[in-house]
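> The following block contains the structure, expressed as structure tokens.
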Amino acid sequence: MDSTPAQVTLIVFAVPEETKAFLKRVRPLLQAAGERETIQFHIIERHTTEERFWPTLRVLTTGMGVENARQAIGDALHAARPSLVLTCGFAGGLDPALPLGAVMMDADTSFPLVPRLTEAGVQGGTFHCADHVAVTVAQKAALRRSTGADAVEMESSVIRAACRERGIPSATVRVISDTANEDLPLDFNKLMTADYRMDFLKLAGQLVRSPGKIPELMRFQKRVSFAAERLADTLVKALAVGT
């Protein structure tokens, strides 16, 4: 009997919208391949993270922002050491040439899935990890000038740092959910709680005051859903799930 430990890949997302698209795509493939699924829930101080375990795949949702990511990844890596970590999700475009749905990566030189990611259509790029959402075209242009990064997100730097400290190969894989040439429909920074959760009372109040924003928000949600599905499909191809 083979006693070699399984190579476990940890996929980290920030928000449920990212996670759900991936799980919706991957669960039927795993079940078809005969993988058994066990669901465990973990309460970690300020937020709840849900991990779904398969023999070789784990999925973690951290919550938005650096502090949520630092706390969740620290606890997850302490509980069980994976072989590989991918920090995935949405990113705002800073390079004007990047279209909606473009999937980009920045990986350790030792990261073994780079060839598969490349074959799945993922292009190399650089990311800036910000402490707030880049809302306007002007803000994105300023970040592009000051950092030289291709895209901006809010969690990957601390996740990658935690992996480096433990000698775990990691990669950032993100999809462009809003391009460098578009403003977001709302300033989401003003609609967050202190721990970077959406405050739905604030959101409702904003929409009552500015009902013209509702169609913009609905169009934006469709674009975000498209980006989430694009990322999910890409990850499934790169991970060869169910094959």
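Scheme for the structure tokens: letters A, B, ... for chains in order shown; per-chain residue numbers from 1; ligand numbers from 1 in order shown.
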As a tab-separated table (two decimals) with N, CA and C atoms, in the first residue's frame, please: the residues near Met105 in chain A (cut-off 10 Å, only C-alpha atoms, same-chain neighbours under 5 positions excluded).

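File written: selection-v8.tsv
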```tsv
chain	number	residue	atom	x	y	z
A	86	LEU	N	-2.29	28.66	-3.94
A	86	LEU	CA	-2.65	29.65	-4.94
A	86	LEU	C	-3.56	30.68	-4.29
A	87	THR	N	-3.20	31.95	-4.36
A	87	THR	CA	-4.06	33.02	-3.88
A	87	THR	C	-4.76	33.62	-5.09
A	88	CYS	N	-6.08	33.47	-5.11
A	88	CYS	CA	-6.84	33.73	-6.33
A	88	CYS	C	-7.99	34.70	-6.07
A	114	VAL	N	3.12	26.33	-13.08
A	114	VAL	CA	3.25	27.40	-14.07
A	114	VAL	C	3.00	26.89	-15.49
A	117	LEU	N	-0.74	26.45	-15.90
A	117	LEU	CA	-1.42	27.75	-15.90
A	117	LEU	C	-1.23	28.45	-17.24
A	118	THR	N	-0.02	28.39	-17.76
A	118	THR	CA	0.26	29.00	-19.06
A	118	THR	C	-0.57	28.34	-20.15
A	122	VAL	N	-3.21	31.64	-18.85
A	122	VAL	CA	-2.82	32.63	-17.86
A	122	VAL	C	-1.52	33.30	-18.29
A	123	GLN	N	-1.49	34.62	-18.23
A	123	GLN	CA	-0.30	35.37	-18.61
A	123	GLN	C	0.40	35.91	-17.38
A	124	GLY	N	1.70	36.07	-17.50
A	124	GLY	CA	2.46	36.62	-16.40
A	124	GLY	C	2.17	38.09	-16.20
A	125	GLY	N	2.30	38.55	-14.97
A	125	GLY	CA	2.06	39.95	-14.67
A	125	GLY	C	2.50	40.29	-13.26
A	126	THR	N	2.35	41.55	-12.90
A	126	THR	CA	2.73	42.01	-11.56
A	126	THR	C	1.52	42.61	-10.87
A	127	PHE	N	1.49	42.44	-9.54
A	127	PHE	CA	0.36	42.88	-8.75
A	127	PHE	C	0.81	43.84	-7.65
A	171	ALA	N	1.64	30.98	-5.62
A	171	ALA	CA	1.43	31.81	-6.81
A	171	ALA	C	0.18	32.65	-6.62
A	172	THR	N	0.20	33.84	-7.20
A	172	THR	CA	-0.99	34.69	-7.28
A	172	THR	C	-1.61	34.47	-8.65
A	173	VAL	N	-2.90	34.15	-8.68
A	173	VAL	CA	-3.64	33.98	-9.94
A	173	VAL	C	-4.92	34.80	-9.81
A	174	ARG	N	-5.00	35.87	-10.59
A	174	ARG	CA	-6.12	36.81	-10.44
A	174	ARG	C	-6.72	37.14	-11.80
A	175	VAL	N	-8.02	37.44	-11.78
A	175	VAL	CA	-8.75	37.79	-12.99
A	175	VAL	C	-9.13	39.26	-12.94
```
> Enter the distance from CA of Ala227 in chain A to CA of Asp178 in chain A, in Å, rounded to one decimal.
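Answer for the CA of Ala227 in chain A to CA of Asp178 in chain A separation: 8.9 Å.
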> Within range 8-182 of chain A, find each residue whose DSSP state, derived from the backbone, is strand (DSSP E or B), and express the selection as an MDAnalysis selection string.
chainID A and resid 9:13 38:44 47:53 57:61 84:93 103:107 123:124 127:129 151:153 170:178
> Measuring between only C-alpha atoms, which one of A:Arg70, A:Val103, A:Thr9, A:Arg164 shows the shortest distance to Glu229 in chain A?
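Ranked by minimum distance to Glu229 in chain A, first place goes to A:Val103.
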> Would you kindly return, as a PDB file with C-alpha atoms, in the first residue's frame, each protein, DNA or RNA residue with an atom no farther than 10 Å from any atom of Ala97 in chain A, considering only C-alpha atoms and excluding same-chain residues fewer than 6 positions away?

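Ended up saving to selection.pdb:
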```pdb
ATOM      1  CA  ASP A 150      -0.293  45.517 -14.018  1.00  0.00           C
ATOM      2  CA  THR A 179     -10.367  47.444 -16.240  1.00  0.00           C
ATOM      3  CA  ALA A 180      -8.014  50.391 -15.955  1.00  0.00           C
ATOM      4  CA  ASN A 181     -10.328  52.406 -18.191  1.00  0.00           C
TER       5      ASN A 181
END
```
> At a cut-off of 8 Å, using only C-alpha atoms, what residues contact Ile168 in chain A? Leave out same-chain residues fewer than 5 positions from it and give the result as a PyMOL selection string.
chain A and resi 82-85+163
> Could you turn the residues from that selection into a file that holds N, CA and C atoms, as a PDB file, in the first residue's frame?

```pdb
ATOM      1  N   PRO A  82      -0.107  22.681   3.449  1.00  0.00           N
ATOM      2  CA  PRO A  82      -0.317  22.227   2.067  1.00  0.00           C
ATOM      3  C   PRO A  82       1.013  22.133   1.328  1.00  0.00           C
ATOM      4  N   SER A  83       0.965  21.481   0.178  1.00  0.00           N
ATOM      5  CA  SER A  83       2.152  21.387  -0.670  1.00  0.00           C
ATOM      6  C   SER A  83       2.314  22.621  -1.544  1.00  0.00           C
ATOM      7  N   LEU A  84       1.182  23.195  -1.980  1.00  0.00           N
ATOM      8  CA  LEU A  84       1.163  24.370  -2.849  1.00  0.00           C
ATOM      9  C   LEU A  84       0.046  25.298  -2.396  1.00  0.00           C
ATOM     10  N   VAL A  85       0.213  26.591  -2.631  1.00  0.00           N
ATOM     11  CA  VAL A  85      -0.837  27.571  -2.327  1.00  0.00           C
ATOM     12  C   VAL A  85      -1.025  28.477  -3.533  1.00  0.00           C
ATOM     13  N   CYS A 163       3.572  32.020   3.089  1.00  0.00           N
ATOM     14  CA  CYS A 163       4.056  30.808   2.425  1.00  0.00           C
ATOM     15  C   CYS A 163       5.579  30.794   2.337  1.00  0.00           C
TER      16      CYS A 163
END
```
> Which is closest to Lys237 in chain A among A:Phe111, A:Phe22, A:Phe220, A:Phe200, if we use only C-alpha atoms?
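That would be A:Phe22, the residue with the smallest distance to Lys237 in chain A.
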> Assign secondary structure with DSSP using the backbone only, and return the residues of range 82-149 of chain A in alpha helix (DSSP H) as a ChimeraX atom specification.
/A:114-119,137-147
> Would you please work out which residue, of A:Ala80, A:Val224, A:Ala107, A:Val236, is nearest to Ser156 in chain A when using only C-alpha atoms?
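Ranked by minimum distance to Ser156 in chain A, first place goes to A:Ala107.
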> Have a look at A:Pro112, A:Pro16, A:Pro28, A:Gly212 and name the one nearest to Thr61 in chain A; count only C-alpha atoms.
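Under the stated criterion, the closest residue is A:Pro16.
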